[in-house]
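First the structure, in the form of structure tokens, and then the observations on it.
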Amino acid sequence: MCGIVGYIGHREAYPILIKGLHRLEYRGYDSAGVALLNSTLKIYKSHGKVSDLERIALNSDKSGTIGIAHTRWATHGEPNDENAHPHFSPTKKLAIIHNGIIENYGSLKKELINRGYVFTSDTDTEVLIHLIEDIQVHEKKDLYSAIRTALQQVIGAYAIVVISQEHPDILFAAKKSSPLVIGIGEKEFFIASDASPIVEYTQNVVYLDDEEVATMSRDGELKIKTIKNQEKTPYIQKLEMQLTAIEKGGFPHFMLKEIYEQPKSIKDSMRGRLNASKGIVSLGGIIDYEQKLINARRIIIVACGTSWHAGLVGEYLIEDLARIPVEVEYASEFRYRNPIIYEDDVVIAISQSGETADTLAAIELAKSKGATIIGICNVVGSSIPRATHAGSYTHAGPEIGVASTKAFTAQVTILGLLALSLANKKGSISKSRFYQLTHEMESIPDKIEQVLSKDKIIHNIAEAFKDSRNFLYLGRGYNFPVALEGALKLKEISYIHAEGYPAAEMKHGPIALIDENMPVVVIAPKKGLYDKVISNIQEVKARKGVIIAVVTEGDSIVKEMADYVIEIPETDEIFVPLVASVPLQLLSYHIAVLRGCNVDQPRNLAKSVTVE
């Protein structure tokens, strides 16, 4: 959600900024802009894509070795040229880019209007740069102090970068509840909302903490203070990301590349944590908190979107294997409904980006009640890992496609490892069952490879349904969350209305929708509640519904009943979600491509939702 890029150094800034914006396009945006400083401060911005911005700036002066750039995902004000970032201060000597939301912008704007200020946009961001300059001028403060003072008056989330005509050798930046990373080169600095625009220039980075304000000087000095003027020592880390991980590698879309990366990403999630031959399952990041998990009154999983679906699978896994009560909550609801939280509860927060605003707020609420917080995230150095007591990185690698695929299966993998580890230590499953499941888990990447070999079959099915207007997804037990996730993928990238349901609930309402125009995707492996699912399929067929069935290889019963069949390898019931979700990802992908949709950047969506 929104993208930030900044540069100061000895190189021309514009090419670095534009390349960085292209690297950040996956986050979702509706307008783009750039500010460059070379004796005067110039801004070019446009509604639309980064390519539209490039056309507007084509014949303009783009020289300068300091600059900032932004892709905006509209919150305050519609997507248009005026609301695009960067925004000037009243004197046009300052410019700002901003991710996040200033919640009290209305009262601040009213006060500034009373002082005679005029605004050219509807954004909260323009209010902030006006406020900074007002403090600088009327309180006679230097810019660094004015930024810190202004941010003490702000309620909300922000990652900002400020450029000043009067300070051509300094970039200013600050953050709270929205990510910002500084890349350190040889007397040059790169700044971005995530590491993807930085990785090809340097591996040395500093992640700003909340309420920290940084100055980056052309002479190579990085200075960090809190908004309360407390000096901080920059902590330099090494980036784990590689440039090849954020390129398509010959695939037409990042989403397809990431679907095909799942055998590797799942192996990477298990590496060093699972050794079936030795009977070892160990998550080093949470080992000091395992006893708290085992003794927990209950485990509460908080997440949003696809991560919430992974959490539902986790509920089945932990309750089934470790026999610990689990509740799964939408983070956005949990934080506002005055939940009952005990000190012996353990809260597991799941987020691909590690920056999800609602999940971060849920963490802070649970911490204030004394609960232990465990994080499951993909992005190293992100906010959620820093806010939790312990946790595990999924190691899925950068996920550029907005619709999550490999991050979902990596999250489920970590939850599976956690459930197995707790069950083994607690003695809630037999040793023989434990060893059988560890060997089964090690085989999952190979089984996903087998599913990927069915891509052509899935493409042919997609051709038959690309013009459908509605889909119903059905699953039972472990496969109910798979149905939800399958429906979400189709909605996200093809814009077809789709709903996931527990198969048994179909007759309590959704069955009224079924006719010959309603495709019904049924996850029906020959495990668990197989006979019950067959009955649900018969109910659909009796009403002329069209069945697309995901079945175990060699299944003959469902195959005779279904109109279309996708076979998956036989898998233990608890790991079916890892295997069965892959054909649903491919089905959604192919339908979306056949409909001409932008699968990597679906409309209205953002990769990292850093606002409420």
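Here's how to read the names in the structure tokens: chain A, B, ... by the order shown, residue numbers from 1 in each chain, ligand numbers from 1 in the order shown.
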
Considering only helix (DSSP H, G or I) as DSSP defines it on the backbone, what residues of segment 366-455 of chain A qualify? List them as a VMD selection string. chain A and resid 366 to 368 383 to 387 406 to 426 431 to 442 444 to 452 455

Which residues, written as a PyMOL selection string, have at least one atom at most 10 Å from Glu186 of chain A, with only C-alpha atoms counted and residues fewer than 6 positions away on the same chain left out? chain A and resi 9-10+202+218-220

Pick out the residues sitting within 10 Å of segment 267-281 of chain A, and hand them over as a PyMOL selection string; count only C-alpha atoms, and ignore anything fewer than 5 positions along from it in its own chain. chain A and resi 262+378+392-397+409-414+416-422+424-425+431+434-446

Out of segment 138-305 of chain A, which residues get strand (DSSP E or B) from DSSP, as a ChimeraX atom specification? /A:156,158-164,170-176,181-184,189-192,204-207,212-217,222-226,231-232,237-238,274-275,280-281,299-303

Report, in Å with one decimal, the straight-line distance from atom CA of Leu171 of chain A to atom CA of Leu21 of chain A. 18.0 Å

From the options A:Glu355, A:Glu111, A:Asp455, A:Asp194, which residue's atoms come nearest to Glu25 of chain A, counting only C-alpha atoms?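 When distances to Glu25 of chain A are compared using only C-alpha atoms, the smallest one comes from A:Asp194.
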
Do a neighbour search on Ile374 of chain A at 9 Å with only C-alpha atoms, toss out local chain neighbours closer than 5 positions, and write the hits as a list in words.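 Answer for this query is Ile286, Tyr289, Val346, Val347, Ile348, Ala349, Ile350, Pro385, Thr388, His389, Ala390, Gly391 and Ser392 of chain A.
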
Output file for the residues above (all heavy atoms, as an mmCIF file, in the first residue's frame):
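The result, stored in result-v7.cif:
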data_model
loop_
_atom_site.group_PDB
_atom_site.id
_atom_site.type_symbol
_atom_site.label_atom_id
_atom_site.label_comp_id
_atom_site.auth_asym_id
_atom_site.auth_seq_id
_atom_site.Cartn_x
_atom_site.Cartn_y
_atom_site.Cartn_z
ATOM 1 N N ILE A 286 10.933 -19.702 18.522
ATOM 2 C CA ILE A 286 9.952 -19.705 19.620
ATOM 3 C C ILE A 286 10.283 -20.745 20.693
ATOM 4 O O ILE A 286 9.460 -20.984 21.585
ATOM 5 C CB ILE A 286 8.525 -19.954 19.095
ATOM 6 C CG1 ILE A 286 8.428 -21.314 18.404
ATOM 7 C CG2 ILE A 286 8.086 -18.843 18.161
ATOM 8 C CD1 ILE A 286 7.017 -21.704 18.060
ATOM 9 N N TYR A 289 9.604 -20.124 24.246
ATOM 10 C CA TYR A 289 8.204 -19.884 24.615
ATOM 11 C C TYR A 289 7.332 -21.115 24.410
ATOM 12 O O TYR A 289 6.115 -21.031 24.549
ATOM 13 C CB TYR A 289 7.649 -18.707 23.815
ATOM 14 C CG TYR A 289 8.205 -17.367 24.274
ATOM 15 C CD1 TYR A 289 9.423 -16.905 23.790
ATOM 16 C CD2 TYR A 289 7.525 -16.598 25.211
ATOM 17 C CE1 TYR A 289 9.945 -15.692 24.226
ATOM 18 C CE2 TYR A 289 8.042 -15.379 25.639
ATOM 19 C CZ TYR A 289 9.255 -14.936 25.141
ATOM 20 O OH TYR A 289 9.763 -13.736 25.577
ATOM 21 N N VAL A 346 -1.867 -17.077 24.711
ATOM 22 C CA VAL A 346 -0.816 -16.808 23.730
ATOM 23 C C VAL A 346 -1.491 -16.342 22.448
ATOM 24 O O VAL A 346 -2.405 -16.996 21.947
ATOM 25 C CB VAL A 346 0.054 -18.047 23.453
ATOM 26 C CG1 VAL A 346 1.047 -17.760 22.318
ATOM 27 C CG2 VAL A 346 0.803 -18.477 24.710
ATOM 28 N N VAL A 347 -1.062 -15.205 21.943
ATOM 29 C CA VAL A 347 -1.608 -14.649 20.710
ATOM 30 C C VAL A 347 -0.594 -14.866 19.594
ATOM 31 O O VAL A 347 0.572 -14.487 19.721
ATOM 32 C CB VAL A 347 -1.923 -13.139 20.864
ATOM 33 C CG1 VAL A 347 -2.345 -12.543 19.522
ATOM 34 C CG2 VAL A 347 -3.024 -12.942 21.900
ATOM 35 N N ILE A 348 -1.039 -15.511 18.514
ATOM 36 C CA ILE A 348 -0.200 -15.702 17.329
ATOM 37 C C ILE A 348 -0.675 -14.732 16.262
ATOM 38 O O ILE A 348 -1.824 -14.784 15.829
ATOM 39 C CB ILE A 348 -0.262 -17.148 16.808
ATOM 40 C CG1 ILE A 348 0.241 -18.127 17.878
ATOM 41 C CG2 ILE A 348 0.549 -17.294 15.523
ATOM 42 C CD1 ILE A 348 0.141 -19.590 17.471
ATOM 43 N N ALA A 349 0.201 -13.825 15.862
ATOM 44 C CA ALA A 349 -0.120 -12.838 14.827
ATOM 45 C C ALA A 349 0.515 -13.279 13.515
ATOM 46 O O ALA A 349 1.719 -13.538 13.463
ATOM 47 C CB ALA A 349 0.405 -11.462 15.232
ATOM 48 N N ILE A 350 -0.297 -13.359 12.465
ATOM 49 C CA ILE A 350 0.190 -13.825 11.165
ATOM 50 C C ILE A 350 0.057 -12.696 10.151
ATOM 51 O O ILE A 350 -1.003 -12.087 10.026
ATOM 52 C CB ILE A 350 -0.605 -15.058 10.665
ATOM 53 C CG1 ILE A 350 -0.671 -16.143 11.741
ATOM 54 C CG2 ILE A 350 0.015 -15.620 9.397
ATOM 55 C CD1 ILE A 350 -1.520 -17.342 11.361
ATOM 56 N N PRO A 385 7.534 -8.575 13.644
ATOM 57 C CA PRO A 385 8.581 -9.294 14.385
ATOM 58 C C PRO A 385 9.208 -8.470 15.504
ATOM 59 O O PRO A 385 9.577 -9.013 16.548
ATOM 60 C CB PRO A 385 9.609 -9.616 13.290
ATOM 61 C CG PRO A 385 8.830 -9.682 12.037
ATOM 62 C CD PRO A 385 7.761 -8.632 12.182
ATOM 63 N N THR A 388 6.684 -8.389 18.655
ATOM 64 C CA THR A 388 6.289 -9.625 19.326
ATOM 65 C C THR A 388 7.395 -10.123 20.261
ATOM 66 O O THR A 388 8.551 -9.712 20.157
ATOM 67 C CB THR A 388 5.968 -10.714 18.284
ATOM 68 O OG1 THR A 388 7.076 -10.859 17.391
ATOM 69 C CG2 THR A 388 4.739 -10.341 17.479
ATOM 70 N N HIS A 389 7.009 -11.044 21.162
ATOM 71 C CA HIS A 389 7.990 -11.614 22.086
ATOM 72 C C HIS A 389 8.915 -12.598 21.375
ATOM 73 O O HIS A 389 10.089 -12.730 21.726
ATOM 74 C CB HIS A 389 7.279 -12.326 23.245
ATOM 75 C CG HIS A 389 6.502 -11.400 24.131
ATOM 76 N ND1 HIS A 389 5.123 -11.308 24.090
ATOM 77 C CD2 HIS A 389 6.914 -10.501 25.060
ATOM 78 C CE1 HIS A 389 4.715 -10.407 24.977
ATOM 79 N NE2 HIS A 389 5.775 -9.898 25.568
ATOM 80 N N ALA A 390 8.377 -13.309 20.414
ATOM 81 C CA ALA A 390 9.143 -14.326 19.677
ATOM 82 C C ALA A 390 8.378 -14.635 18.399
ATOM 83 O O ALA A 390 7.270 -14.117 18.177
ATOM 84 C CB ALA A 390 9.316 -15.588 20.522
ATOM 85 N N GLY A 391 8.959 -15.484 17.563
ATOM 86 C CA GLY A 391 8.231 -15.830 16.345
ATOM 87 C C GLY A 391 9.082 -16.591 15.359
ATOM 88 O O GLY A 391 10.236 -16.944 15.633
ATOM 89 N N SER A 392 8.492 -16.834 14.199
ATOM 90 C CA SER A 392 9.171 -17.567 13.127
ATOM 91 C C SER A 392 8.962 -16.836 11.806
ATOM 92 O O SER A 392 7.830 -16.466 11.464
ATOM 93 C CB SER A 392 8.616 -18.989 13.008
ATOM 94 O OG SER A 392 8.995 -19.784 14.103
#

Atom CA of Glu211 of chain A to atom CA of Ala195 of chain A, straight-line distance in Å: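 Distance between the two atoms: 19.9 Å.
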
Taking 4 positions as the minimum chain separation for residues in the same chain, which residues sit within 7 Å of Glu315 of chain A when counting only C-alpha atoms? Answer as a PyMOL selection string. chain A and resi 311+319+326-328

Can you write out the residues you just picked, keeping C-alpha atoms, as a tab-separated table (two decimals), in the first residue's frame?
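The resulting file, result13.tsv, is shown below:
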chain	number	residue	atom	x	y	z
A	311	GLY	CA	-4.89	-19.16	10.78
A	319	GLU	CA	-6.49	-28.36	18.27
A	326	VAL	CA	-7.62	-22.07	19.56
A	327	GLU	CA	-9.66	-19.06	18.49
A	328	VAL	CA	-9.10	-17.32	15.15

Calculate how many Å separate atom CA of Pro234 of chain A from atom CA of Leu41 of chain A, rounding to one decimal. 28.9 Å

Using only C-alpha atoms, what table do you get, as a Markdown table, when you list each residue of segment 166-238 of chain A with an atom no more than 9 Å from segment 143-152 of chain A, its nearest pair of atoms, and their distance in Å rounded to one decimal, rows by chain then rising number?
| residue | atom | partner | partner_atom | distance |
| --- | --- | --- | --- | --- |
| A:His167 | CA | A:Leu143 | CA | 8.9 |
| A:Phe172 | CA | A:Tyr144 | CA | 7.4 |
| A:Ala173 | CA | A:Ile147 | CA | 9.0 |
| A:Ala174 | CA | A:Ile147 | CA | 8.5 |
| A:Glu211 | CA | A:Leu151 | CA | 8.1 |
| A:Glu212 | CA | A:Arg148 | CA | 8.7 |
| A:Val213 | CA | A:Arg148 | CA | 7.0 |
| A:Ala214 | CA | A:Tyr144 | CA | 8.6 |
| A:Thr215 | CA | A:Tyr144 | CA | 7.8 |
| A:Lys225 | CA | A:Arg148 | CA | 8.7 |
| A:Thr226 | CA | A:Arg148 | CA | 7.6 |
| A:Ile227 | CA | A:Arg148 | CA | 4.6 |
| A:Lys228 | CA | A:Arg148 | CA | 7.2 |
| A:Asn229 | CA | A:Arg148 | CA | 7.6 |

Please produce a file of those selected residues containing all heavy atoms, as a CSV table (one decimal), in the first residue's frame.
chain,number,residue,atom,x,y,z
A,167,HIS,N,18.0,22.9,2.0
A,167,HIS,CA,19.0,21.8,2.5
A,167,HIS,C,19.3,20.8,1.4
A,167,HIS,O,18.8,19.7,1.5
A,167,HIS,CB,18.4,21.1,3.7
A,167,HIS,CG,18.2,22.0,4.9
A,167,HIS,ND1,17.0,22.7,5.0
A,167,HIS,CD2,18.9,22.3,6.0
A,167,HIS,CE1,17.1,23.4,6.2
A,167,HIS,NE2,18.2,23.2,6.8
A,172,PHE,N,15.3,14.1,4.9
A,172,PHE,CA,14.7,13.9,6.2
A,172,PHE,C,13.7,12.8,6.1
A,172,PHE,O,12.9,12.7,5.1
A,172,PHE,CB,14.1,15.2,6.7
A,172,PHE,CG,15.0,16.3,6.8
A,172,PHE,CD1,15.3,17.1,5.6
A,172,PHE,CD2,15.6,16.7,8.0
A,172,PHE,CE1,16.1,18.2,5.7
A,172,PHE,CE2,16.4,17.8,8.0
A,172,PHE,CZ,16.7,18.5,6.9
A,173,ALA,N,13.6,11.9,7.1
A,173,ALA,CA,12.6,10.8,7.1
A,173,ALA,C,12.2,10.5,8.5
A,173,ALA,O,12.9,10.7,9.4
A,173,ALA,CB,13.2,9.6,6.4
A,174,ALA,N,11.0,9.9,8.6
A,174,ALA,CA,10.4,9.5,9.9
A,174,ALA,C,9.4,8.5,9.7
A,174,ALA,O,8.8,8.3,8.6
A,174,ALA,CB,9.8,10.7,10.6
A,211,GLU,N,8.4,6.4,15.7
A,211,GLU,CA,8.7,7.7,16.2
A,211,GLU,C,10.2,8.1,16.2
A,211,GLU,O,10.7,8.8,17.0
A,211,GLU,CB,8.1,7.8,17.6
A,211,GLU,CG,6.6,7.7,17.7
A,211,GLU,CD,6.0,8.0,19.0
A,211,GLU,OE1,6.7,7.9,20.0
A,211,GLU,OE2,4.8,8.4,19.0
A,212,GLU,N,10.8,7.6,15.2
A,212,GLU,CA,12.2,8.0,14.9
A,212,GLU,C,12.3,8.9,13.7
A,212,GLU,O,11.5,8.6,12.7
A,212,GLU,CB,13.1,6.8,14.7
A,212,GLU,CG,13.4,6.0,16.0
A,212,GLU,CD,14.4,4.9,15.8
A,212,GLU,OE1,14.7,4.5,14.7
A,212,GLU,OE2,14.9,4.4,16.8
A,213,VAL,N,13.1,9.9,13.7
A,213,VAL,CA,13.3,10.8,12.6
A,213,VAL,C,14.8,10.7,12.2
A,213,VAL,O,15.7,10.9,13.1
A,213,VAL,CB,13.0,12.2,13.0
A,213,VAL,CG1,13.0,13.2,11.8
A,213,VAL,CG2,11.6,12.3,13.6
A,214,ALA,N,15.1,10.6,10.9
A,214,ALA,CA,16.4,10.4,10.4
A,214,ALA,C,16.8,11.5,9.5
A,214,ALA,O,15.9,12.1,8.8
A,214,ALA,CB,16.6,9.1,9.7
A,215,THR,N,18.1,11.9,9.5
A,215,THR,CA,18.6,12.8,8.5
A,215,THR,C,19.7,12.0,7.8
A,215,THR,O,20.6,11.3,8.4
A,215,THR,CB,19.2,14.1,9.0
A,215,THR,OG1,20.3,13.8,9.9
A,215,THR,CG2,18.1,14.9,9.7
A,225,LYS,N,17.1,10.5,15.6
A,225,LYS,CA,16.6,10.9,16.9
A,225,LYS,C,15.1,10.5,17.0
A,225,LYS,O,14.5,10.4,16.0
A,225,LYS,CB,16.7,12.5,17.1
A,225,LYS,CG,18.1,13.0,17.2
A,225,LYS,CD,18.1,14.5,17.5
A,225,LYS,CE,19.4,15.1,17.8
A,225,LYS,NZ,19.4,16.5,18.1
A,226,THR,N,14.6,10.4,18.2
A,226,THR,CA,13.2,10.2,18.4
A,226,THR,C,12.5,11.6,18.3
A,226,THR,O,13.2,12.6,18.3
A,226,THR,CB,12.9,9.6,19.8
A,226,THR,OG1,13.2,10.6,20.8
A,226,THR,CG2,13.7,8.4,20.0
A,227,ILE,N,11.2,11.5,18.1
A,227,ILE,CA,10.5,12.8,18.0
A,227,ILE,C,10.6,13.6,19.3
A,227,ILE,O,10.3,14.8,19.3
A,227,ILE,CB,9.0,12.6,17.6
A,227,ILE,CG1,8.2,11.8,18.7
A,227,ILE,CG2,8.9,12.0,16.3
A,227,ILE,CD1,6.7,11.7,18.5
A,228,LYS,N,11.0,12.9,20.4
A,228,LYS,CA,11.2,13.6,21.7
A,228,LYS,C,12.7,14.1,21.8
A,228,LYS,O,13.1,14.5,22.9
A,228,LYS,CB,10.8,12.7,22.9
A,228,LYS,CG,9.4,12.3,22.8
A,228,LYS,CD,8.4,13.4,23.2
A,228,LYS,CE,7.0,12.9,23.2
A,228,LYS,NZ,6.7,11.9,24.3
A,229,ASN,N,13.5,14.0,20.7
A,229,ASN,CA,14.8,14.5,20.7
A,229,ASN,C,15.9,13.6,21.4
A,229,ASN,O,17.0,14.1,21.7
A,229,ASN,CB,14.9,15.9,21.2
A,229,ASN,CG,16.1,16.7,20.6
A,229,ASN,OD1,16.5,16.4,19.5
A,229,ASN,ND2,16.7,17.6,21.4

Closest contacts (segment 190-301 of chain A/segment 574-594 of chain A, max 9 Å, only C-alpha atoms) as a tab-separated table:
residue	atom	partner	partner_atom	distance
A:Met255	CA	A:Tyr589	CA	7.7
A:Leu256	CA	A:Tyr589	CA	7.3
A:Ile259	CA	A:Val582	CA	7.2
A:Gln262	CA	A:Val582	CA	8.6

What's around Gly100 of chain A at 12 Å? Count only C-alpha atoms, leave out sequence neighbours fewer than 5 positions away in its own chain, and write the answer as a PyMOL selection string. chain A and resi 1-4+72-76+105+123-125+128+154-160+174-180+193+355-357+608-612

Which is closest to Arg603 of chain A among A:Ala403, A:Ile163, A:Ile198, A:Ile101, if we use only C-alpha atoms? A:Ala403
